[in-house]
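Written below as structure tokens is the structure these notes are about.
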Amino acid sequence: MKNLRILVVDDDHFLLSITKKAIEKAGHQVETAGNGADALDLISKYPFDGVVTDLKMPGDMDGIDLLEAVKAADRDTEVILMTSHATVASAVTAMKKGAADYLQKPVNFEELNLRLEKIRQMKSLIKDADDLREAMDITENKAGQTIRELEMMVADLQSRLSAMEKRLAEKK
């Protein structure tokens with residue numbers, strides 16, 4: 001798998017901008033949203049491999065709400081939550097709801113990119129496994145078809161052989 005398509009969501013426009021640049025520097029394609037509603041609008045239009053979102057955002061949707069909405073839309077989209085208000089309870093909640101990771105602000109962008117690389121590798125392995133499974137299914141179907149054709153040929157040859165043996169016996 002090539003690089004990831006990532007959506008970064010944060011109400012702090014400065015952090016949004018530097019997070020976007022750090023992820024792009026690692027080679028990923030990045031879109032941004034300033035709140036959960038805008039993020040959901042983008043998610044409904046485009047597929048994303050991952051979402052990196054702030055936990056606390058103003059408005060009706062926080063990072064946990066966005067996590068739930070992202071997972072409801074596509075279980076394969078990985079979500080990383082970032083927060084400057086980290087608690088064990090919010091980390092546990094995030095992980096139980098399907099977050100891939102939970103990072104404390106200020107975010108170490110090297111660490112964030114390592115987490116994104118793990119997601120890229122995992123998605124690549126899943127794709128390779130799916131491709132292998134598909135190839136095995138095709139091979140199995142072709143082998144089954146070949147076996148059926150060979151069985152029909154053997155049955156036809158046995159029938160011809162029996163007919164020839166019968167004719168030879170009649171001639172004697």
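How things are named: the first chain in the structure tokens is A, the next is B, and so on; residues count from 1 in each chain; ligands count from 1 in the order shown.
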Q.
Run DSSP on the backbone and tell me which residues of range 92-137 of chain A come out as strand (DSSP E or B); list them as a ChimeraX atom specification.
A. /A:101-104
Notebook entry, point to check: Skipping near chain neighbours, those fewer than 4 positions away, what residues fall within 12 Å of range 32-47 of chain A using only C-alpha atoms, listed as JSON, numbers by chain?
Noted result: {"A": [4, 5, 6, 7, 8, 9, 10, 11, 12, 13, 14, 15, 16, 17, 18, 19, 20, 21, 23, 24, 51, 52, 53, 54, 55, 56, 57, 58, 59, 60, 61, 62, 63, 64, 65, 66, 67, 68, 69, 70, 71, 72, 73, 74, 75, 76, 77, 78]}
Within chain A, find each residue whose DSSP state, derived from the backbone, is helix (DSSP H, G or I), and express the selection as a PyMOL selection string.
-> chain A and resi 13-25+36-45+63-73+88-96+109-171
Written file, previous selection with C-alpha atoms, as a compact mmCIF listing (two decimals), in the first residue's frame:
```
# COMPACT_ATOMS: atom_id res chain seq x y z
CA HIS A 13 -6.16 26.52 13.02
CA PHE A 14 -2.45 26.83 13.88
CA LEU A 15 -2.25 23.24 15.16
CA LEU A 16 -4.34 22.10 12.20
CA SER A 17 -1.88 23.70 9.81
CA ILE A 18 1.32 22.36 11.41
CA THR A 19 -0.18 18.89 11.85
CA LYS A 20 -1.14 18.86 8.18
CA LYS A 21 2.37 19.91 7.13
CA ALA A 22 4.03 17.30 9.38
CA ILE A 23 1.88 14.50 7.97
CA GLU A 24 2.36 15.68 4.39
CA LYS A 25 6.13 15.76 4.98
CA GLY A 36 -16.68 17.44 13.53
CA ALA A 37 -19.52 18.48 11.22
CA ASP A 38 -17.11 19.57 8.47
CA ALA A 39 -15.15 16.35 9.00
CA LEU A 40 -18.27 14.22 8.55
CA ASP A 41 -19.12 16.14 5.38
CA LEU A 42 -15.67 15.31 3.95
CA ILE A 43 -15.94 11.68 5.09
CA SER A 44 -19.27 11.33 3.30
CA LYS A 45 -17.63 12.52 0.06
CA GLY A 63 -13.51 13.69 19.22
CA ILE A 64 -15.28 10.68 20.76
CA ASP A 65 -18.49 11.55 18.87
CA LEU A 66 -16.48 11.90 15.67
CA LEU A 67 -14.74 8.57 16.36
CA GLU A 68 -18.12 6.85 16.68
CA ALA A 69 -19.42 8.48 13.49
CA VAL A 70 -16.27 7.58 11.54
CA LYS A 71 -16.44 3.94 12.68
CA ALA A 72 -20.16 3.80 11.84
CA ALA A 73 -19.40 5.08 8.33
CA VAL A 88 -7.14 7.47 31.74
CA ALA A 89 -10.94 7.40 31.48
CA SER A 90 -11.01 9.23 28.13
CA ALA A 91 -8.19 7.03 26.78
CA VAL A 92 -10.03 3.86 27.81
CA THR A 93 -13.29 5.17 26.30
CA ALA A 94 -11.51 6.03 23.05
CA MET A 95 -9.87 2.62 22.76
CA LYS A 96 -13.10 0.78 23.59
CA PHE A 109 5.02 14.72 15.11
CA GLU A 110 7.70 12.05 14.78
CA GLU A 111 5.63 9.86 17.09
CA LEU A 112 2.43 10.68 15.18
CA ASN A 113 4.07 9.71 11.90
CA LEU A 114 5.33 6.46 13.44
CA ARG A 115 1.73 5.66 14.45
CA LEU A 116 0.54 6.49 10.94
CA GLU A 117 3.28 4.25 9.51
CA LYS A 118 2.01 1.37 11.67
CA ILE A 119 -1.49 1.99 10.30
CA ARG A 120 -0.09 2.04 6.74
CA GLN A 121 1.74 -1.24 7.33
CA MET A 122 -1.34 -2.85 8.87
CA LYS A 123 -3.53 -1.75 5.95
CA SER A 124 -0.90 -3.03 3.52
CA LEU A 125 -0.84 -6.43 5.24
CA ILE A 126 -4.63 -6.61 5.18
CA LYS A 127 -4.65 -5.74 1.47
CA ASP A 128 -1.96 -8.35 0.77
CA ALA A 129 -3.95 -10.96 2.71
CA ASP A 130 -7.12 -10.06 0.79
CA ASP A 131 -5.23 -10.27 -2.52
CA LEU A 132 -3.79 -13.66 -1.51
CA ARG A 133 -7.22 -14.92 -0.46
CA GLU A 134 -8.66 -13.80 -3.80
CA ALA A 135 -5.81 -15.47 -5.72
CA MET A 136 -6.33 -18.68 -3.74
CA ASP A 137 -10.07 -18.61 -4.47
CA ILE A 138 -9.39 -18.14 -8.18
CA THR A 139 -6.80 -20.92 -8.16
CA GLU A 140 -9.15 -23.23 -6.26
CA ASN A 141 -11.99 -22.52 -8.70
CA LYS A 142 -9.71 -23.11 -11.71
CA ALA A 143 -8.37 -26.33 -10.17
CA GLY A 144 -11.90 -27.55 -9.49
CA GLN A 145 -12.92 -26.75 -13.05
CA THR A 146 -9.83 -28.54 -14.43
CA ILE A 147 -10.53 -31.61 -12.26
CA ARG A 148 -14.14 -31.75 -13.50
CA GLU A 149 -12.95 -31.48 -17.13
CA LEU A 150 -10.37 -34.23 -16.58
CA GLU A 151 -12.98 -36.48 -14.93
CA MET A 152 -15.26 -35.97 -17.94
CA MET A 153 -12.40 -36.78 -20.30
CA VAL A 154 -11.53 -39.94 -18.34
CA ALA A 155 -15.19 -41.02 -18.33
CA ASP A 156 -15.39 -40.42 -22.09
CA LEU A 157 -12.15 -42.34 -22.70
CA GLN A 158 -13.35 -45.21 -20.47
CA SER A 159 -16.62 -45.31 -22.39
CA ARG A 160 -14.76 -45.40 -25.72
CA LEU A 161 -12.38 -48.07 -24.43
CA SER A 162 -15.31 -50.20 -23.24
CA ALA A 163 -16.99 -49.81 -26.63
CA MET A 164 -13.76 -50.79 -28.40
CA GLU A 165 -13.27 -53.81 -26.12
CA LYS A 166 -16.88 -54.85 -26.76
CA ARG A 167 -16.40 -54.61 -30.54
CA LEU A 168 -13.15 -56.58 -30.34
CA ALA A 169 -14.87 -59.30 -28.27
CA GLU A 170 -17.70 -59.49 -30.79
CA LYS A 171 -15.23 -59.93 -33.67
```
One decimal place gives the CA of Asp101 in chain A-CA of Thr83 in chain A separation as 11.4 Å
Here CA of Asn108 in chain A and CA of Ser84 in chain A stand apart by 12.3 Å
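CA of Lys97 in chain A to CA of Val30 in chain A spans 23.7 Å [interatomic distance, one decimal].
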